[in-house]
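**Student:** For reference, the file upload-v2.cif (mmCIF, C-alpha atoms) is included below:
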data_run
loop_
_atom_site.group_PDB
_atom_site.id
_atom_site.type_symbol
_atom_site.label_atom_id
_atom_site.label_comp_id
_atom_site.auth_asym_id
_atom_site.auth_seq_id
_atom_site.Cartn_x
_atom_site.Cartn_y
_atom_site.Cartn_z
ATOM 1 C CA MET A 678 -17.225 43.674 131.305
ATOM 2 C CA SER A 679 -17.681 43.239 127.556
ATOM 3 C CA ASP A 680 -19.352 40.166 126.071
ATOM 4 C CA SER A 681 -16.039 38.963 124.635
ATOM 5 C CA ALA A 682 -14.266 39.383 127.970
ATOM 6 C CA LEU A 683 -17.092 37.630 129.763
ATOM 7 C CA GLN A 684 -16.949 34.749 127.296
ATOM 8 C CA ALA A 685 -13.154 34.497 127.683
ATOM 9 C CA SER A 686 -13.545 34.425 131.439
ATOM 10 C CA ARG A 687 -16.107 31.663 131.217
ATOM 11 C CA SER A 688 -14.042 29.579 128.821
ATOM 12 C CA ILE A 689 -10.881 29.719 130.951
ATOM 13 C CA VAL A 690 -12.493 29.526 134.377
ATOM 14 C CA GLY A 691 -14.739 26.751 133.178
ATOM 15 C CA SER A 692 -11.799 24.616 132.105
ATOM 16 C CA THR A 693 -11.235 21.600 134.338
ATOM 17 C CA ASP A 694 -7.634 20.904 133.309
ATOM 18 C CA LEU A 695 -4.478 22.925 133.778
ATOM 19 C CA ASN A 696 -1.932 22.617 130.998
ATOM 20 C CA LEU A 697 0.806 20.946 133.020
ATOM 21 C CA LYS A 698 3.375 21.324 130.263
ATOM 22 C CA THR A 699 3.188 25.110 130.056
ATOM 23 C CA HIS A 700 2.542 25.729 133.759
ATOM 24 C CA CYS A 701 4.717 23.074 135.419
ATOM 25 C CA TRP A 702 7.082 21.036 133.258
ATOM 26 C CA TYR A 703 8.390 23.809 130.999
ATOM 27 C CA PRO A 704 8.969 26.257 133.890
ATOM 28 C CA PHE A 705 10.695 23.491 135.871
ATOM 29 C CA LEU A 706 12.928 22.643 132.899
ATOM 30 C CA LEU A 707 13.785 26.310 132.370
ATOM 31 C CA PHE A 708 14.584 26.722 136.065
ATOM 32 C CA ALA A 709 16.726 23.571 136.152
ATOM 33 C CA ILE A 710 18.739 24.726 133.146
ATOM 34 C CA ALA A 711 19.246 28.240 134.531
ATOM 35 C CA ALA A 712 20.164 27.029 138.025
ATOM 36 C CA GLY A 713 22.488 24.387 136.589
ATOM 37 C CA LEU A 714 24.299 26.907 134.389
ATOM 38 C CA PHE A 715 24.770 29.304 137.300
ATOM 39 C CA GLU A 716 26.167 26.499 139.456
ATOM 40 C CA TYR A 717 28.434 25.055 136.779
ATOM 41 C CA PHE A 718 29.920 28.320 135.510
ATOM 42 C CA GLN A 719 29.776 30.113 138.879
ATOM 43 C CA TRP A 720 28.215 33.183 137.293
ATOM 44 C CA ASP A 721 27.241 34.365 140.763
ATOM 45 C CA LEU A 722 30.832 35.408 141.418
ATOM 46 C CA ASN A 723 31.060 37.324 138.143
ATOM 47 C CA ILE A 724 27.864 39.259 138.817
ATOM 48 C CA ALA A 725 28.813 39.977 142.427
ATOM 49 C CA GLN A 726 32.282 41.100 141.345
ATOM 50 C CA TRP A 727 30.701 43.464 138.824
ATOM 51 C CA PHE A 728 28.491 45.081 141.497
ATOM 52 C CA PHE A 729 31.433 45.232 143.906
ATOM 53 C CA THR A 730 33.735 46.895 141.374
ATOM 54 C CA LEU A 731 31.009 49.258 140.193
ATOM 55 C CA GLN A 732 30.715 50.590 143.731
ATOM 56 C CA GLY A 733 34.465 50.988 144.084
ATOM 57 C CA GLY A 734 34.645 48.261 146.711
ATOM 58 C CA ARG A 735 38.009 47.243 148.158
ATOM 59 C CA ASP A 736 37.684 45.602 151.579
ATOM 60 C CA HIS A 737 33.913 45.941 152.124
ATOM 61 C CA TRP A 738 30.636 46.501 150.281
ATOM 62 C CA PRO A 739 30.114 50.298 150.041
ATOM 63 C CA MET A 740 26.323 49.924 149.580
ATOM 64 C CA ARG A 741 25.812 47.514 152.471
ATOM 65 C CA LEU A 742 24.587 50.225 154.848
ATOM 66 C CA ASN A 743 23.314 52.638 152.209
ATOM 67 C CA TRP A 744 20.173 54.277 153.626
ATOM 68 C CA TYR A 745 18.043 53.868 150.490
ATOM 69 C CA ALA A 746 19.062 50.252 149.916
ATOM 70 C CA GLU A 747 18.888 49.147 153.542
ATOM 71 C CA ASN A 748 15.995 51.163 154.961
ATOM 72 C CA LEU A 749 13.804 52.036 151.993
ATOM 73 C CA MET A 750 14.197 49.019 149.721
ATOM 74 C CA HIS A 751 15.002 46.289 152.258
ATOM 75 C CA THR A 752 13.167 47.221 155.450
ATOM 76 C CA GLY A 753 10.482 49.160 153.583
ATOM 77 C CA GLY A 754 9.998 46.340 151.098
ATOM 78 C CA ARG A 755 9.683 43.808 153.910
ATOM 79 C CA ASN A 756 7.077 45.991 155.622
ATOM 80 C CA LEU A 757 5.177 46.250 152.343
ATOM 81 C CA VAL A 758 4.984 42.446 152.118
ATOM 82 C CA VAL A 759 3.770 42.262 155.725
ATOM 83 C CA LEU A 760 1.114 44.878 154.975
ATOM 84 C CA ALA A 761 -0.027 42.998 151.880
ATOM 85 C CA SER A 762 -0.287 39.804 153.944
ATOM 86 C CA VAL A 763 -2.358 41.553 156.620
ATOM 87 C CA LEU A 764 -4.679 42.941 153.954
ATOM 88 C CA LEU A 765 -4.972 39.461 152.450
ATOM 89 C CA LEU A 766 -5.909 37.986 155.826
ATOM 90 C CA SER A 767 -8.486 40.754 156.274
ATOM 91 C CA ALA A 768 -9.953 39.949 152.863
ATOM 92 C CA ILE A 769 -10.196 36.271 153.854
ATOM 93 C CA ILE A 770 -12.131 37.180 157.004
ATOM 94 C CA ILE A 771 -14.434 39.507 155.076
ATOM 95 C CA SER A 772 -15.083 36.930 152.342
ATOM 96 C CA TRP A 773 -15.921 34.353 155.012
ATOM 97 C CA ARG A 774 -18.450 36.634 156.699
ATOM 98 C CA VAL A 775 -19.883 38.582 153.754
ATOM 99 C CA THR A 776 -21.990 36.581 151.317
ATOM 100 C CA ARG A 777 -21.161 38.853 148.385
ATOM 101 C CA TRP A 778 -17.462 37.997 148.735
ATOM 102 C CA ARG A 779 -17.951 34.312 149.492
ATOM 103 C CA ALA A 780 -17.024 33.210 145.965
ATOM 104 C CA TYR A 781 -13.517 34.573 146.490
ATOM 105 C CA LEU A 782 -12.852 32.787 149.780
ATOM 106 C CA ARG A 783 -11.191 29.731 148.273
ATOM 107 C CA GLY A 784 -8.972 31.865 146.045
ATOM 108 C CA LEU A 785 -7.899 34.164 148.861
ATOM 109 C CA VAL A 786 -7.052 31.223 151.129
ATOM 110 C CA TYR A 787 -5.120 29.665 148.252
ATOM 111 C CA LEU A 788 -3.150 32.868 147.779
ATOM 112 C CA PHE A 789 -2.319 33.169 151.476
ATOM 113 C CA ILE A 790 -1.169 29.546 151.788
ATOM 114 C CA SER A 791 0.967 29.776 148.646
ATOM 115 C CA VAL A 792 2.692 32.951 149.846
ATOM 116 C CA LEU A 793 3.127 31.542 153.343
ATOM 117 C CA PHE A 794 4.679 28.260 152.187
ATOM 118 C CA THR A 795 7.073 30.090 149.881
ATOM 119 C CA VAL A 796 8.355 32.449 152.562
ATOM 120 C CA VAL A 797 8.560 29.768 155.277
ATOM 121 C CA THR A 798 10.341 27.272 153.006
ATOM 122 C CA VAL A 799 12.949 29.871 152.054
ATOM 123 C CA ARG A 800 13.371 30.800 155.713
ATOM 124 C CA ILE A 801 13.986 27.147 156.635
ATOM 125 C CA GLY A 802 16.355 26.807 153.687
ATOM 126 C CA LYS A 803 18.452 29.686 154.971
ATOM 127 C CA ASP A 804 18.776 27.912 158.321
ATOM 128 C CA ILE A 805 19.866 24.525 156.976
ATOM 129 C CA THR A 806 22.123 25.465 154.053
ATOM 130 C CA HIS A 807 25.748 26.579 154.259
ATOM 131 C CA VAL A 808 25.859 29.327 151.627
ATOM 132 C CA SER A 809 27.431 32.609 152.699
ATOM 133 C CA CYS A 810 26.466 36.132 151.694
ATOM 134 C CA PRO A 811 28.788 37.941 149.259
ATOM 135 C CA TRP A 812 29.744 40.459 151.945
ATOM 136 C CA ASP A 813 31.017 37.536 154.082
ATOM 137 C CA ILE A 814 33.230 36.115 151.317
ATOM 138 C CA GLN A 815 36.984 36.718 151.531
ATOM 139 C CA MET A 816 37.250 38.087 148.002
ATOM 140 C CA PHE A 817 34.805 40.834 148.979
ATOM 141 C CA GLY A 818 36.362 41.731 152.312
ATOM 142 C CA GLY A 819 34.699 39.046 154.458
ATOM 143 C CA THR A 820 36.068 36.116 156.445
ATOM 144 C CA HIS A 821 34.312 33.130 154.841
ATOM 145 C CA GLU A 822 35.691 31.019 152.040
ATOM 146 C CA TYR A 823 33.434 30.806 148.983
ATOM 147 C CA TRP A 824 31.753 27.461 148.406
ATOM 148 C CA PRO A 825 29.301 26.540 145.631
ATOM 149 C CA ILE A 826 25.710 25.821 146.644
ATOM 150 C CA PHE A 827 25.986 22.028 146.523
ATOM 151 C CA ALA A 828 29.561 21.706 147.741
ATOM 152 C CA SER A 829 30.400 19.400 150.646
ATOM 153 C CA LEU A 830 32.095 21.516 153.313
ATOM 154 C CA PRO A 831 34.791 20.453 155.796
ATOM 155 C CA ALA A 832 33.627 20.136 159.394
ATOM 156 C CA ASP A 833 35.424 23.274 160.593
ATOM 157 C CA THR A 834 34.085 25.555 157.847
ATOM 158 C CA LEU A 835 32.186 28.708 158.749
ATOM 159 C CA TYR A 836 28.607 28.284 157.552
ATOM 160 C CA GLY A 837 26.504 31.052 156.062
ATOM 161 C CA GLN A 838 22.727 31.546 156.111
ATOM 162 C CA CYS A 839 22.073 33.345 152.851
ATOM 163 C CA PHE A 840 20.415 30.782 150.579
ATOM 164 C CA PRO A 841 17.826 31.010 149.133
ATOM 165 C CA GLY A 842 17.052 34.728 148.966
ATOM 166 C CA GLY A 843 14.689 35.631 151.799
ATOM 167 C CA HIS A 844 13.918 39.205 150.786
ATOM 168 C CA SER A 845 13.278 38.333 147.147
ATOM 169 C CA SER A 846 10.990 35.470 148.204
ATOM 170 C CA GLY A 847 8.644 38.031 149.750
ATOM 171 C CA GLY A 848 8.175 39.502 146.292
ATOM 172 C CA TYR A 849 8.311 36.375 144.148
ATOM 173 C CA ALA A 850 5.752 34.661 146.402
ATOM 174 C CA TRP A 851 3.100 36.839 144.783
ATOM 175 C CA VAL A 852 3.457 35.123 141.407
ATOM 176 C CA ALA A 853 0.585 33.071 142.862
ATOM 177 C CA LEU A 854 -1.579 36.021 141.795
ATOM 178 C CA TYR A 855 -1.334 34.537 138.298
ATOM 179 C CA TYR A 856 -3.394 31.530 139.331
ATOM 180 C CA PHE A 857 -5.759 33.647 141.406
ATOM 181 C CA ALA A 858 -6.471 35.705 138.301
ATOM 182 C CA LEU A 859 -6.675 32.575 136.150
ATOM 183 C CA VAL A 860 -9.671 31.517 138.216
ATOM 184 C CA TYR A 861 -11.412 34.848 138.783
ATOM 185 C CA ARG A 862 -10.124 37.369 136.199
ATOM 186 C CA PRO A 863 -8.235 35.553 133.417
ATOM 187 C CA ALA A 864 -7.518 38.755 131.501
ATOM 188 C CA TRP A 865 -5.399 39.988 134.414
ATOM 189 C CA ARG A 866 -3.290 36.871 134.891
ATOM 190 C CA PHE A 867 -0.165 37.914 132.966
ATOM 191 C CA LYS A 868 -0.187 41.436 134.379
ATOM 192 C CA LEU A 869 -0.307 40.059 137.912
ATOM 193 C CA LEU A 870 2.364 37.459 137.097
ATOM 194 C CA LEU A 871 4.685 40.194 135.855
ATOM 195 C CA THR A 872 3.883 42.249 138.947
ATOM 196 C CA GLY A 873 5.038 39.452 141.247
ATOM 197 C CA ILE A 874 8.165 38.843 139.173
ATOM 198 C CA ALA A 875 8.976 42.564 139.047
ATOM 199 C CA ILE A 876 8.652 43.008 142.826
ATOM 200 C CA GLY A 877 10.799 39.938 143.486
ATOM 201 C CA LEU A 878 13.412 41.082 140.962
ATOM 202 C CA VAL A 879 13.632 44.553 142.531
ATOM 203 C CA PHE A 880 14.017 42.986 145.977
ATOM 204 C CA SER A 881 16.664 40.598 144.615
ATOM 205 C CA LEU A 882 18.669 43.343 142.922
ATOM 206 C CA THR A 883 18.504 45.446 146.080
ATOM 207 C CA GLN A 884 20.144 42.671 148.064
ATOM 208 C CA GLN A 885 22.735 42.021 145.372
ATOM 209 C CA ILE A 886 23.719 45.679 145.358
ATOM 210 C CA ARG A 887 24.152 45.528 149.151
ATOM 211 C CA GLY A 888 26.216 42.333 148.938
ATOM 212 C CA ALA A 889 23.575 40.384 150.848
ATOM 213 C CA HIS A 890 22.841 37.780 148.154
ATOM 214 C CA PHE A 891 24.102 36.282 144.935
ATOM 215 C CA PHE A 892 21.908 36.384 141.816
ATOM 216 C CA SER A 893 21.061 32.670 141.910
ATOM 217 C CA HIS A 894 19.627 33.018 145.424
ATOM 218 C CA GLY A 895 16.730 35.002 143.970
ATOM 219 C CA LEU A 896 16.416 32.557 141.084
ATOM 220 C CA TRP A 897 15.881 29.727 143.549
ATOM 221 C CA SER A 898 13.332 31.782 145.475
ATOM 222 C CA LEU A 899 11.388 32.327 142.249
ATOM 223 C CA GLY A 900 11.502 28.603 141.497
ATOM 224 C CA ILE A 901 10.205 27.758 144.965
ATOM 225 C CA ALA A 902 7.466 30.383 144.668
ATOM 226 C CA TRP A 903 6.258 29.052 141.309
ATOM 227 C CA PHE A 904 6.337 25.466 142.564
ATOM 228 C CA TYR A 905 4.080 26.273 145.504
ATOM 229 C CA ALA A 906 1.810 28.489 143.405
ATOM 230 C CA SER A 907 1.297 25.642 140.913
ATOM 231 C CA PHE A 908 1.036 22.904 143.533
ATOM 232 C CA TRP A 909 -1.548 24.683 145.654
ATOM 233 C CA TYR A 910 -3.513 25.678 142.555
ATOM 234 C CA LEU A 911 -3.904 22.005 141.711
ATOM 235 C CA VAL A 912 -4.934 21.259 145.297
ATOM 236 C CA PHE A 913 -7.473 24.086 145.538
ATOM 237 C CA PHE A 914 -8.891 24.404 142.039
ATOM 238 C CA ARG A 915 -8.428 21.385 139.842
ATOM 239 C CA ASN A 916 -11.875 20.065 138.928
ATOM 240 C CA LYS A 917 -13.501 22.865 140.950
ATOM 241 C CA GLN A 918 -13.598 25.674 138.390
ATOM 242 C CA GLN A 919 -17.144 24.851 137.288
ATOM 243 C CA ALA A 920 -18.519 25.413 140.785
ATOM 244 C CA ILE A 921 -16.590 28.676 141.100
ATOM 245 C CA GLN A 922 -17.868 29.766 137.707
ATOM 246 C CA ARG A 923 -21.475 29.235 138.791
ATOM 247 C CA SER A 924 -20.905 31.270 141.961
ATOM 248 C CA LEU A 925 -19.434 34.123 139.902
ATOM 249 C CA GLU A 926 -22.132 34.151 137.210
ATOM 250 C CA PRO A 927 -24.261 36.883 138.806
ATOM 251 C CA GLU A 928 -21.270 39.196 139.265
ATOM 252 C CA LEU A 929 -19.859 38.555 135.788
ATOM 253 C CA SER A 930 -23.239 39.098 134.194
ATOM 254 C CA GLY A 931 -23.827 42.258 136.190
ATOM 255 C CA ALA A 932 -20.480 43.671 135.089
ATOM 256 C CA SER A 933 -21.130 43.060 131.398
#
Any chance you could put this one into structure tokens?

**Tutor:**
Amino acid sequence: MSDSALQASRSIVGSTDLNLKTHCWYPFLLFAIAAGLFEYFQWDLNIAQWFFTLQGGRDHWPMRLNWYAENLMHTGGRNLVVLASVLLLSAIIISWRVTRWRAYLRGLVYLFISVLFTVVTVRIGKDITHVSCPWDIQMFGGTHEYWPIFASLPADTLYGQCFPGGHSSGGYAWVALYYFALVYRPAWRFKLLLTGIAIGLVFSLTQQIRGAHFFSHGLWSLGIAWFYASFWYLVFFRNKQQAIQRSLEPELSGAS
């Protein structure tokens, strides 16, 4: 690591305060505006209709059972997230037992908890909300009537279990890598943030193409993921960066 990179790492890692405006309030405001616009103008229907028409859909979603979308991108993507989680758990065990890795233990546990809370929260949300999948909506060949996310449904209405986006949450959950890098490798933080967003976006688009989710479902999953990433960062690292910096000094100096 160069002297300038080492100095940058020390200056950021050594900071005891997170800029709440840029990391919490501004992202929350941006999310609230985007989610509100989607709900008010019902852009979800326009986007879903575009995908449906593009595929030549009439009474069903042509890409619903497409091998590449269903097996490679959906099932394969889910397996990739499971594999990444297993590797993360293995790294936690190694960092707990191996002194050389001990400085990363807190960060790895933080990352695991953030990812876990994101995925579990979205899973619970799917069970308690009423939102149907596009392929279940009458206008796309299904049997359910379309209802906005926050609509109050009649007692005899068929409920869906498609909100927020479960598959996309498995990708967006890894935006927590931004904060992991902020602590240990600040120069990597934006690259890892974009990686998490890109994986979540690919997963989200895959499900939209199949008719499994509306666009806003992935947007909400991203918002939940960033909330937990920021919340658990404050729990794990606020006012603790100095101690982490001291534990990393030998490694940072050796890499310079």

**Student:** Written as a PyMOL selection string, which residues does the PyMOL selection byres ((chain A and resi 729-732) around 10) give for the file shown?

**Tutor:** chain A and resi 723-728+733-740+811-812+817+885-888

**Student:** Leaving out segment 901-905 of chain A and any residue of its chain fewer than 2 positions from it, which residues lie within 9 Å of it when counting all atoms listed in the file, given as a VMD selection string?

**Tutor:** chain A and resid 701 704 to 705 790 to 792 794 to 796 798 to 799 846 849 to 853 896 to 899 907 to 910

**Student:** Using Å and a single decimal, report how far atom CA of Arg755 of chain A sits from atom CA of Ala712 of chain A.

**Tutor:** 25.4 Å

**Student:** Grab the atom CA of Ile874 of chain A to atom CA of Val759 of chain A distance for me, in Å with one decimal place.

**Tutor:**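 Rounded to one decimal, the two atoms are 17.5 Å apart.
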
**Student:** Please, what distance in Å, to one decimal, runs between atom CA of Pro841 of chain A and atom CA of Gly900 of chain A?

**Tutor:**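 If I compute the distance from atom CA of Pro841 of chain A to atom CA of Gly900 of chain A, I get 10.2 Å.
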
**Student:** In terms of the shortest atom-to-atom distance over all atoms listed in the file, which of A:Val758, A:Leu722, A:Val775, A:Leu911 is closest to Met816 of chain A?

**Tutor:**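 Result for the nearest residue to Met816 of chain A: A:Leu722.
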
**Student:** Selection in question (the file shown): the PyMOL selection byres ((chain A and resi 890) around 7). Which residues does it include, as a PyMOL selection string?

**Tutor:** chain A and resi 810-811+839+842+884-885+888-889+891-892+894

**Student:** Atoms to include: C-alpha atoms. Write the selected residues as a compact mmCIF listing (two decimals), in the frame of the given file.

**Tutor:**
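Saved to result30.txt:
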# COMPACT_ATOMS: atom_id res chain seq x y z
CA CYS A 810 26.47 36.13 151.69
CA PRO A 811 28.79 37.94 149.26
CA CYS A 839 22.07 33.34 152.85
CA GLY A 842 17.05 34.73 148.97
CA GLN A 884 20.14 42.67 148.06
CA GLN A 885 22.74 42.02 145.37
CA GLY A 888 26.22 42.33 148.94
CA ALA A 889 23.58 40.38 150.85
CA PHE A 891 24.10 36.28 144.94
CA PHE A 892 21.91 36.38 141.82
CA HIS A 894 19.63 33.02 145.42

**Student:** Of the candidates A:Leu782, A:Leu835, A:Ala711, A:Leu870, which shows the shortest atom-to-atom distance to Leu765 of chain A, using all atoms listed in the file?

**Tutor:** A:Leu782

**Student:** Exactly which residues make up the result of the PyMOL selection byres ((chain A and resi 809) around 8) on this file, given as a ChimeraX atom specification?

**Tutor:** /A:807-808,810-811,813-814,821,823-824,836-840

**Student:** What lies within 9 Å of His751 of chain A using all atoms listed in the file, ignoring chain neighbours under 6 positions off, as a PyMOL selection string?

**Tutor:** chain A and resi 745+844+880+883-884

**Student:** Restrict the selected residues to C-alpha atoms and save them as a CSV table (one decimal), in the frame of the given file.

**Tutor:**
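Written output follows (out_6.csv):
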chain,number,residue,atom,x,y,z
A,745,TYR,CA,18.0,53.9,150.5
A,844,HIS,CA,13.9,39.2,150.8
A,880,PHE,CA,14.0,43.0,146.0
A,883,THR,CA,18.5,45.4,146.1
A,884,GLN,CA,20.1,42.7,148.1

**Student:** Pick from A:Phe827, A:Trp702, A:Phe914, A:Phe857: nearest to Phe789 of chain A, with all atoms listed in the file counted?

**Tutor:**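 The shortest atom-to-atom distance to Phe789 of chain A comes from A:Phe857.
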
**Student:** Go through A:Val912, A:Arg779, A:Lys698, A:Ser893 and flag the residue nearest Pro825 of chain A, using all atoms listed in the file for the distances.

**Tutor:** A:Ser893

**Student:** Considering only C-alpha atoms, can you say which of A:Gly754, A:Asp833, A:Leu793, A:Ser845 comes closest to Leu878 of chain A?

**Tutor:**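 Once distances to Leu878 of chain A are computed over only C-alpha atoms, the minimum belongs to A:Ser845.
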